[in-house]
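What follows is the content of model16.txt, which has compact mmCIF, C-alpha atoms and all ligand atoms:
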```txt
# COMPACT_ATOMS: atom_id res chain seq x y z
CA MET A 14 -6.66 6.89 1.48
CA ARG A 15 -3.51 5.19 0.18
CA LYS A 16 -1.36 7.06 -2.32
CA LEU A 17 -0.10 4.73 -5.04
CA SER A 18 2.74 5.25 -7.47
CA ALA A 19 4.41 3.33 -10.25
CA ARG A 20 7.20 3.38 -12.76
CA ARG A 21 7.40 -0.19 -14.01
CA LEU A 22 4.53 -1.18 -16.32
CA VAL A 23 3.33 -4.59 -17.45
CA VAL A 24 1.03 -4.27 -20.47
CA LEU A 25 -1.53 -7.03 -21.21
CA VAL A 26 -2.71 -7.47 -24.80
CA SER A 27 -4.83 -9.73 -27.02
CA GLY A 28 -4.77 -8.25 -30.51
CA GLU A 29 -3.49 -5.52 -32.74
CA GLY A 30 -1.58 -3.67 -30.04
CA THR A 31 -1.91 -0.09 -31.25
CA ASN A 32 -2.47 1.07 -27.68
CA LEU A 33 0.65 -0.85 -26.66
CA GLN A 34 2.52 0.82 -29.52
CA ALA A 35 1.46 4.25 -28.29
CA LEU A 36 2.76 3.41 -24.82
CA ILE A 37 6.02 2.07 -26.26
CA GLY A 38 6.46 5.35 -28.13
CA ALA A 39 5.72 7.42 -25.04
CA CYS A 40 8.15 5.43 -22.88
CA GLU A 41 11.00 6.23 -25.28
CA ASP A 42 11.00 9.71 -23.76
CA PRO A 43 12.69 9.50 -20.33
CA GLY A 44 10.53 12.44 -19.24
CA TYR A 45 7.45 10.25 -19.60
CA GLY A 46 8.56 8.48 -16.43
CA ALA A 47 7.60 4.88 -17.19
CA GLN A 48 9.20 1.75 -18.52
CA ILE A 49 7.38 -1.27 -19.97
CA VAL A 50 9.09 -4.21 -18.26
CA ALA A 51 6.99 -6.93 -19.93
CA VAL A 52 4.09 -7.55 -22.28
CA GLY A 53 1.72 -10.41 -21.47
CA ALA A 54 -0.79 -12.00 -23.84
CA ASP A 55 -3.56 -14.58 -23.59
CA ARG A 56 -2.83 -15.86 -27.12
CA GLY A 57 0.11 -16.18 -29.49
CA ASN A 58 0.68 -14.95 -33.03
CA ILE A 59 -0.80 -11.49 -32.59
CA ALA A 60 0.48 -8.16 -33.87
CA ALA A 61 0.84 -6.88 -30.31
CA LEU A 62 3.49 -9.53 -29.54
CA ARG A 63 5.37 -8.62 -32.70
CA ARG A 64 5.34 -4.98 -31.61
CA ALA A 65 6.81 -5.98 -28.23
CA GLU A 66 9.50 -8.05 -29.90
CA GLN A 67 10.41 -5.22 -32.26
CA ALA A 68 10.78 -2.90 -29.30
CA GLY A 69 12.93 -5.44 -27.44
CA ILE A 70 10.43 -5.83 -24.61
CA PRO A 71 10.22 -9.28 -22.98
CA ALA A 72 6.87 -10.97 -23.56
CA PHE A 73 5.00 -13.98 -22.23
CA VAL A 74 1.93 -15.86 -23.44
CA LEU A 75 -0.46 -17.61 -21.05
CA ARG A 76 -3.48 -19.27 -22.67
CA VAL A 77 -6.54 -20.06 -20.57
CA GLY A 78 -6.92 -23.32 -22.52
CA ASP A 79 -3.50 -24.54 -21.40
CA HIS A 80 -4.68 -24.61 -17.79
CA ALA A 81 -6.98 -27.13 -16.14
CA HIS A 82 -9.04 -24.41 -14.47
CA ARG A 83 -9.52 -20.73 -15.09
CA ASP A 84 -8.28 -20.00 -11.56
CA ASP A 85 -5.01 -21.78 -12.40
CA TRP A 86 -4.60 -19.49 -15.39
CA ASP A 87 -5.36 -16.48 -13.22
CA ARG A 88 -2.74 -17.53 -10.66
CA ALA A 89 -0.18 -18.15 -13.41
CA LEU A 90 -0.87 -14.71 -14.88
CA THR A 91 -0.59 -13.14 -11.44
CA GLY A 92 2.76 -14.84 -10.87
CA ALA A 93 4.14 -13.91 -14.29
CA CYS A 94 3.19 -10.27 -13.77
CA ALA A 95 4.35 -10.13 -10.14
CA ALA A 96 7.76 -11.53 -11.13
CA ARG A 97 8.33 -8.30 -13.12
CA GLU A 98 7.55 -6.22 -10.01
CA PRO A 99 5.26 -3.76 -11.79
CA GLY A 100 3.82 -0.67 -10.16
CA LEU A 101 0.98 -0.60 -12.67
CA ILE A 102 -0.62 -3.16 -14.97
CA VAL A 103 -2.17 -1.75 -18.15
CA CYS A 104 -4.78 -3.86 -19.96
CA ALA A 105 -4.54 -2.51 -23.50
CA GLY A 106 -7.07 -4.46 -25.52
CA PHE A 107 -6.75 -7.50 -23.21
CA MET A 108 -9.88 -9.56 -23.88
CA LYS A 109 -10.03 -11.65 -20.69
CA LEU A 110 -11.64 -11.02 -17.34
CA LEU A 111 -9.13 -11.07 -14.52
CA GLY A 112 -9.78 -13.32 -11.55
CA LYS A 113 -9.57 -13.22 -7.76
CA ALA A 114 -5.84 -13.88 -7.40
CA PHE A 115 -4.90 -11.23 -9.91
CA LEU A 116 -7.27 -8.59 -8.57
CA GLY A 117 -6.19 -9.34 -5.00
CA ARG A 118 -2.52 -8.93 -5.86
CA PHE A 119 -2.91 -5.82 -8.01
CA ALA A 120 -5.89 -4.10 -6.40
CA GLY A 121 -5.94 -0.45 -7.43
CA ARG A 122 -2.90 -1.00 -9.64
CA CYS A 123 -4.50 -2.31 -12.80
CA VAL A 124 -6.12 -0.09 -15.43
CA ASN A 125 -8.08 -0.97 -18.52
CA THR A 126 -9.10 1.01 -21.58
CA HIS A 127 -12.65 0.62 -22.89
CA PRO A 128 -14.02 2.01 -26.18
CA ALA A 129 -17.16 3.66 -24.75
CA LEU A 130 -18.12 6.21 -22.12
CA LEU A 131 -18.74 3.97 -19.10
CA PRO A 132 -21.03 3.18 -17.42
CA SER A 133 -22.73 3.14 -20.83
CA PHE A 134 -21.99 0.18 -23.09
CA PRO A 135 -19.74 -2.09 -21.02
CA GLY A 136 -18.67 -5.50 -22.31
CA MET A 137 -17.16 -6.88 -25.47
CA HIS A 138 -19.16 -4.79 -27.96
CA GLY A 139 -19.04 -1.26 -26.59
CA VAL A 140 -18.72 0.34 -30.03
CA ARG A 141 -21.44 -1.78 -31.68
CA ASP A 142 -23.82 -1.26 -28.75
CA ALA A 143 -23.34 2.53 -28.76
CA LEU A 144 -23.99 2.65 -32.50
CA ALA A 145 -27.09 0.46 -32.20
CA TYR A 146 -28.44 2.64 -29.39
CA GLY A 147 -28.12 5.71 -31.61
CA VAL A 148 -26.04 7.90 -29.29
CA LYS A 149 -24.53 11.00 -30.90
CA VAL A 150 -21.48 11.06 -28.65
CA THR A 151 -19.49 8.13 -27.38
CA GLY A 152 -15.81 7.84 -26.49
CA CYS A 153 -13.38 5.94 -24.33
CA THR A 154 -12.70 5.34 -20.68
CA VAL A 155 -9.61 4.47 -18.67
CA LEU A 156 -10.76 2.68 -15.53
CA ILE A 157 -9.37 0.85 -12.55
CA VAL A 158 -10.11 -2.86 -12.97
CA ASP A 159 -12.24 -4.50 -10.32
CA GLU A 160 -14.25 -7.75 -10.23
CA GLY A 161 -17.08 -6.32 -12.35
CA VAL A 162 -17.24 -6.12 -16.14
CA ASP A 163 -15.98 -2.63 -17.05
CA ALA A 164 -17.43 -1.53 -13.73
CA GLY A 165 -14.43 -0.16 -11.84
CA PRO A 166 -13.68 3.45 -10.87
CA VAL A 167 -13.20 5.83 -13.79
CA VAL A 168 -9.76 7.44 -14.12
CA ALA A 169 -10.27 9.44 -17.32
CA GLN A 170 -12.61 9.76 -20.29
CA ALA A 171 -12.64 11.38 -23.73
CA CYS A 172 -15.55 12.06 -26.08
CA VAL A 173 -15.88 11.11 -29.74
CA ARG A 174 -18.77 12.24 -31.98
CA VAL A 175 -20.76 9.61 -33.81
CA HIS A 176 -21.24 10.42 -37.50
CA ASP A 177 -24.46 9.55 -39.36
CA ASP A 178 -22.58 7.33 -41.79
CA ASP A 179 -20.44 5.53 -39.18
CA ASP A 180 -20.29 1.77 -39.06
CA GLU A 181 -18.66 -0.16 -36.23
CA ALA A 182 -15.26 -0.15 -37.94
CA THR A 183 -15.10 3.57 -38.76
CA LEU A 184 -16.36 4.57 -35.34
CA HIS A 185 -13.97 2.21 -33.56
CA GLU A 186 -11.01 3.55 -35.54
CA ARG A 187 -11.89 7.14 -34.52
CA ILE A 188 -12.38 6.07 -30.91
CA LYS A 189 -9.00 4.33 -30.96
CA VAL A 190 -7.26 7.56 -31.96
CA ALA A 191 -8.75 9.23 -28.88
CA GLU A 192 -8.14 6.11 -26.79
CA ARG A 193 -4.42 5.94 -27.50
CA ALA A 194 -3.96 9.61 -26.62
CA LEU A 195 -6.03 9.25 -23.44
CA LEU A 196 -4.22 6.08 -22.33
CA VAL A 197 -0.78 7.60 -22.88
CA GLU A 198 -1.72 10.80 -21.09
CA THR A 199 -3.45 9.05 -18.18
CA VAL A 200 -0.82 6.38 -17.55
CA GLY A 201 1.90 9.05 -17.77
CA ARG A 202 0.17 11.22 -15.20
CA MET A 203 -0.45 8.26 -12.88
CA VAL A 204 3.20 7.28 -13.10
CA ARG A 205 4.59 10.76 -12.60
CA GLU A 206 2.11 12.10 -10.07
CA GLY A 207 0.78 9.00 -8.29
CA TRP A 208 -2.89 8.37 -7.67
CA SER A 209 -5.32 7.65 -4.90
CA LEU A 210 -8.63 5.93 -4.70
CA GLU A 211 -11.44 6.86 -2.32
CA GLY A 212 -14.58 4.85 -2.95
CA ARG A 213 -15.21 5.31 -6.67
CA LYS A 214 -13.25 8.56 -6.88
CA VAL A 215 -9.83 8.35 -8.47
CA ARG A 216 -7.53 11.30 -8.01
CA ILE A 217 -4.26 11.70 -9.86
CA GLY A 218 -1.63 13.72 -7.99
CA SER A 219 -1.95 15.13 -4.50
C1 LIG A 301 -9.34 -1.01 -28.05
O1 LIG A 301 -10.34 -0.23 -28.63
C2 LIG A 301 -9.76 -1.52 -26.69
O2 LIG A 301 -10.48 -0.61 -25.95
C3 LIG A 301 -10.63 -2.67 -27.09
O3 LIG A 301 -9.93 -3.29 -28.15
C4 LIG A 301 -9.14 -2.31 -28.79
C5 LIG A 301 -7.71 -2.77 -28.77
O4 LIG A 301 -6.95 -2.12 -29.71
N1 LIG A 301 -10.92 -3.53 -25.98
P1 LIG A 301 -5.39 -2.40 -29.87
O5 LIG A 301 -5.16 -3.89 -29.77
O6 LIG A 301 -4.67 -1.64 -28.79
O7 LIG A 301 -5.06 -1.86 -31.24
```

For the structure just supplied, provide its representation as structure tokens.
Amino acid sequence: MRKLSARRLVVLVSGEGTNLQALIGACEDPGYGAQIVAVGADRGNIAALRRAEQAGIPAFVLRVGDHAHRDDWDRALTGACAAREPGLIVCAGFMKLLGKAFLGRFAGRCVNTHPALLPSFPGMHGVRDALAYGVKVTGCTVLIVDEGVDAGPVVAQACVRVHDDDDEATLHERIKVAERALLVETVGRMVREGWSLEGRKVRIGS
């Protein structure tokens, strides 16, 4: 079992960036123990990039469409992240699957946040699918990214009740409140205490 630790974070984003904003806020406290050294995006002109700029955090944009092959994009993303020497990559609403090069370089050092209680409702529409299924409780999951779709080892989870009158938007907003708190807490603990991975079991601290 290899004990991993981190202090430097690269955060990957695709949209609104409220999870990024929560991490930015947390990192302002030196006691939190982490520093966001770069924000990476797969598209331009998104609120998340504006949040990074406002916080004075360097950002880069790498679009899949600007590369001849998806693997080229994956290698470019790997290089851009590696250049910042991160201990942990945080996918915070990053809507692309990561490829071989990236996962090889950052194995065990990349987490994602998903708006459902995995292994239920993986994929792009976790909130919609949970609602359609009729579950009474859903939530969010912080997981280690592997080659599967939302299939990696679970680091932390939080529950959110589904209300009878919820639609996808109201439920997702309530999940995102829990998600931001869970992400901040989990990343902070990983950074301060280190983590280890044994099969599918993730353990924070010793
Ligand atoms: C989060 O709910 C995340 O789990 C999902 O998209 C949302 C991103 O929110 N994949 P934001 O961009 O951090 O506001």

Around ligand LIG 301 (chain A), out to 6 Å and counting all atoms listed in the file, which residues are there? I want them as a short mmCIF file (atom, residue, chain, number, x, y, z; two decimals) with C-alpha atoms, keeping the file's coordinate frame.
```
data_model
loop_
_atom_site.label_atom_id
_atom_site.label_comp_id
_atom_site.auth_asym_id
_atom_site.auth_seq_id
_atom_site.Cartn_x
_atom_site.Cartn_y
_atom_site.Cartn_z
CA GLY A 28 -4.77 -8.25 -30.51
CA GLU A 29 -3.49 -5.52 -32.74
CA GLY A 30 -1.58 -3.67 -30.04
CA THR A 31 -1.91 -0.09 -31.25
CA ASN A 32 -2.47 1.07 -27.68
CA LEU A 33 0.65 -0.85 -26.66
CA ALA A 105 -4.54 -2.51 -23.50
CA GLY A 106 -7.07 -4.46 -25.52
CA THR A 126 -9.10 1.01 -21.58
CA HIS A 127 -12.65 0.62 -22.89
CA PRO A 128 -14.02 2.01 -26.18
CA LYS A 189 -9.00 4.33 -30.96
#
```

Residue with smallest distance to Ala194 of chain A - pool A:Gly152, A:Asp79, A:Asp84, A:Val26, counting all atoms listed in the file: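 Of A:Gly152, A:Asp79, A:Asp84, A:Val26, the one nearest Ala194 of chain A is A:Gly152, counting all atoms listed in the file.
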
Counting all atoms listed in the file, which residue out of A:Phe107, A:Phe115, A:Tyr146, A:Tyr45 sits closest to Arg88 of chain A?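 The answer is A:Phe115, which sits nearest to Arg88 of chain A.
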
I'd like the interatomic distance between atom CA of Val24 of chain A and atom CA of Glu192 of chain A, to a tenth of an Å.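 Atom CA of Glu192 of chain A lies at a distance of 15.2 Å from atom CA of Val24 of chain A.
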
Out of A:Arg122, A:Lys109, A:Arg174, A:Lys149, which residue has the shortest atom-to-atom distance to Trp208 of chain A when counting all atoms listed in the file? A:Arg122

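Ranking A:Ala51, A:Cys40, A:Val150, A:Val155 by their shortest atom-to-atom distance to Ala96 of chain A, with only C-alpha atoms included, puts A:Ala51 first.
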